[in-house]
Amino acid sequence: MSQSIAIAPPNSLIFIMDYLAGDIPDAINDALVSSAASCIAVGTLAEFDGATTVTLASAMQDVAHLTNVFNGVLDTPSRQLSICNVKIEVLLFLAGLTERTNVQVFANDLSEPDQILVVASSV
């Protein structure tokens, strides 16, 4: 299963997190990805340059044109993973996970991607 949204998020940033329990990383620097135990911050195409297509999937998809920019495990005590904007509004979500979730993030550019794929699966 996968779902996608085309957005131009405020501050050109999305959060991949447990919406109910995610803690945003303390430092979000110039890197494309910053992470904490329960949240990953990912930069997008500059907000005023156009939309970024974000896809959330529960199984691996074709990533031939994408680069893996994050591979790790997130704390998801509510057993769901959400993609949120900086206002912590849920854009996409995946339920039915476990309290720890394997997350891989792929992007088509290492500074301002306009395509981001998030693959999430239970540990």
# chains A, B, ... in the order shown; residues from 1 in each chain; ligands from 1
call {"tool": "select_by_dssp", "arguments": {"residues": "chain A", "states": "strand (DSSP E or B)", "output": "PyMOL selection string"}}
result
chain A and resi 2-7+13-17+33-36+39-43+52-57+67-75+80-84+90-95+100-107+115-122
call {"tool": "select_by_dssp", "arguments": {"residues": "chain A", "states": "helix (DSSP H, G or I)", "output": "NGL selection string"}}
result
:A and (10-12 or 47-49)
call {"tool": "residues_around", "arguments": {"residues": "Ile5 (chain A)", "least_positions_apart": "5", "cutoff": "8 Å", "atoms": "only C-alpha atoms", "output": "MDAnalysis selection string"}}
result
chainID A and resid 53:55 91:92
call {"tool": "atom_distance", "arguments": {"atom1": "CA of Arg100 (chain A)", "atom2": "CA of Gly72 (chain A)"}}
result
10.1 Å
call {"tool": "residues_around", "arguments": {"residues": "Ala41 (chain A)", "least_positions_apart": "2", "cutoff": "8 Å", "atoms": "only C-alpha atoms", "output": "VMD selection string"}}
result
chain A and resid 13 to 16 24 to 25 28 33 to 35 39 43
call {"tool": "write_last_selection", "arguments": {"atoms": "N, CA and C atoms", "output": "compact mmCIF listing (two decimals), in the first residue's frame"}}
result
# COMPACT_ATOMS: atom_id res chain seq x y z
N LEU A 13 10.07 21.85 4.64
CA LEU A 13 10.45 20.82 5.59
C LEU A 13 9.25 19.94 5.92
N ILE A 14 9.50 18.63 6.02
CA ILE A 14 8.47 17.71 6.50
C ILE A 14 9.04 16.92 7.67
N PHE A 15 8.14 16.42 8.51
CA PHE A 15 8.52 15.56 9.62
C PHE A 15 7.90 14.18 9.41
N ILE A 16 8.68 13.16 9.62
CA ILE A 16 8.22 11.77 9.59
C ILE A 16 8.25 11.33 11.05
N ILE A 24 10.53 16.32 17.85
CA ILE A 24 11.27 16.91 16.73
C ILE A 24 12.75 17.03 17.10
N PRO A 25 13.65 16.76 16.16
CA PRO A 25 15.09 16.87 16.46
C PRO A 25 15.44 18.24 17.03
N ILE A 28 18.07 21.22 13.56
CA ILE A 28 17.80 20.98 12.14
C ILE A 28 18.75 21.92 11.40
N VAL A 33 18.67 15.76 6.00
CA VAL A 33 17.96 14.96 7.00
C VAL A 33 18.56 15.18 8.37
N SER A 34 17.70 15.37 9.36
CA SER A 34 18.08 15.39 10.78
C SER A 34 17.13 14.44 11.48
N SER A 35 17.60 13.76 12.52
CA SER A 35 16.71 12.80 13.17
C SER A 35 16.86 12.78 14.68
N CYS A 39 11.47 11.00 15.41
CA CYS A 39 11.12 11.94 14.33
C CYS A 39 12.30 12.13 13.39
N GLY A 43 14.27 17.90 4.39
CA GLY A 43 14.09 19.07 3.56
C GLY A 43 13.43 18.71 2.24
call {"tool": "closest_residue", "arguments": {"among": "A:Leu45, A:Ala37, A:Ala57, A:Val119", "to": "Glu99 (chain A)", "atoms": "only C-alpha atoms"}}
result
A:Ala37
call {"tool": "residues_around", "arguments": {"residues": "Ala46 (chain A)", "least_positions_apart": "3", "cutoff": "8 Å", "atoms": "only C-alpha atoms", "output": "number ranges by chain"}}
result
A: 8, 11-12, 49-50, 112
call {"tool": "residues_around", "arguments": {"residues": "region 58-71 of chain A", "least_positions_apart": "4", "cutoff": "6 Å", "atoms": "only C-alpha atoms", "output": "list in words"}}
result
Met1, Val103, Gln104, Val105, Phe106, Ala107, Asn108, Val119, Ala120 and Ser121 of chain A
call {"tool": "residues_around", "arguments": {"residues": "Leu81 (chain A)", "least_positions_apart": "2", "cutoff": "6 Å", "atoms": "only C-alpha atoms", "output": "PDB file with all heavy atoms, in the first residue's frame"}}
result
ATOM      1  N   MET A  17       7.062  11.033  11.624  1.00  0.00           N
ATOM      2  CA  MET A  17       7.030  10.860  13.067  1.00  0.00           C
ATOM      3  C   MET A  17       5.782  10.129  13.540  1.00  0.00           C
ATOM      4  O   MET A  17       4.818   9.984  12.794  1.00  0.00           O
ATOM      5  CB  MET A  17       7.070  12.225  13.734  1.00  0.00           C
ATOM      6  CG  MET A  17       5.875  13.116  13.376  1.00  0.00           C
ATOM      7  SD  MET A  17       6.033  14.845  13.834  1.00  0.00           S
ATOM      8  CE  MET A  17       5.752  14.778  15.579  1.00  0.00           C
ATOM      9  N   ASP A  18       5.822   9.714  14.780  1.00  0.00           N
ATOM     10  CA  ASP A  18       4.631   9.269  15.477  1.00  0.00           C
ATOM     11  C   ASP A  18       3.931  10.550  15.896  1.00  0.00           C
ATOM     12  O   ASP A  18       4.432  11.288  16.746  1.00  0.00           O
ATOM     13  CB  ASP A  18       5.010   8.417  16.690  1.00  0.00           C
ATOM     14  CG  ASP A  18       3.813   7.902  17.449  1.00  0.00           C
ATOM     15  OD1 ASP A  18       2.816   8.653  17.580  1.00  0.00           O
ATOM     16  OD2 ASP A  18       3.858   6.763  17.923  1.00  0.00           O
ATOM     17  N   PHE A  93      -0.544   9.200   6.621  1.00  0.00           N
ATOM     18  CA  PHE A  93      -0.213   8.353   7.769  1.00  0.00           C
ATOM     19  C   PHE A  93      -0.400   6.894   7.435  1.00  0.00           C
ATOM     20  O   PHE A  93      -1.135   6.523   6.530  1.00  0.00           O
ATOM     21  CB  PHE A  93      -1.017   8.753   9.019  1.00  0.00           C
ATOM     22  CG  PHE A  93      -2.445   8.296   9.008  1.00  0.00           C
ATOM     23  CD1 PHE A  93      -2.817   7.104   9.621  1.00  0.00           C
ATOM     24  CD2 PHE A  93      -3.423   9.048   8.378  1.00  0.00           C
ATOM     25  CE1 PHE A  93      -4.132   6.676   9.602  1.00  0.00           C
ATOM     26  CE2 PHE A  93      -4.735   8.638   8.359  1.00  0.00           C
ATOM     27  CZ  PHE A  93      -5.095   7.446   8.974  1.00  0.00           C
ATOM     28  N   LEU A  94       0.300   6.079   8.200  1.00  0.00           N
ATOM     29  CA  LEU A  94       0.260   4.627   8.057  1.00  0.00           C
ATOM     30  C   LEU A  94       0.044   4.054   9.446  1.00  0.00           C
ATOM     31  O   LEU A  94       0.816   4.342  10.365  1.00  0.00           O
ATOM     32  CB  LEU A  94       1.585   4.134   7.469  1.00  0.00           C
ATOM     33  CG  LEU A  94       1.735   2.659   7.164  1.00  0.00           C
ATOM     34  CD1 LEU A  94       0.709   2.214   6.120  1.00  0.00           C
ATOM     35  CD2 LEU A  94       3.149   2.380   6.665  1.00  0.00           C
TER      36      LEU A  94
END
call {"tool": "closest_residue", "arguments": {"among": "A:Leu110, A:Asn85, A:Pro77, A:Val90", "to": "Ser122 (chain A)", "atoms": "only C-alpha atoms"}}
result
A:Pro77
call {"tool": "closest_residue", "arguments": {"among": "A:Glu47, A:Val42, A:Ser2, A:Asp114", "to": "Ala95 (chain A)", "atoms": "only C-alpha atoms"}}
result
A:Ser2
call {"tool": "closest_residue", "arguments": {"among": "A:Leu97, A:Val118, A:Ile88, A:Val73", "to": "Leu20 (chain A)", "atoms": "only C-alpha atoms"}}
result
A:Ile88
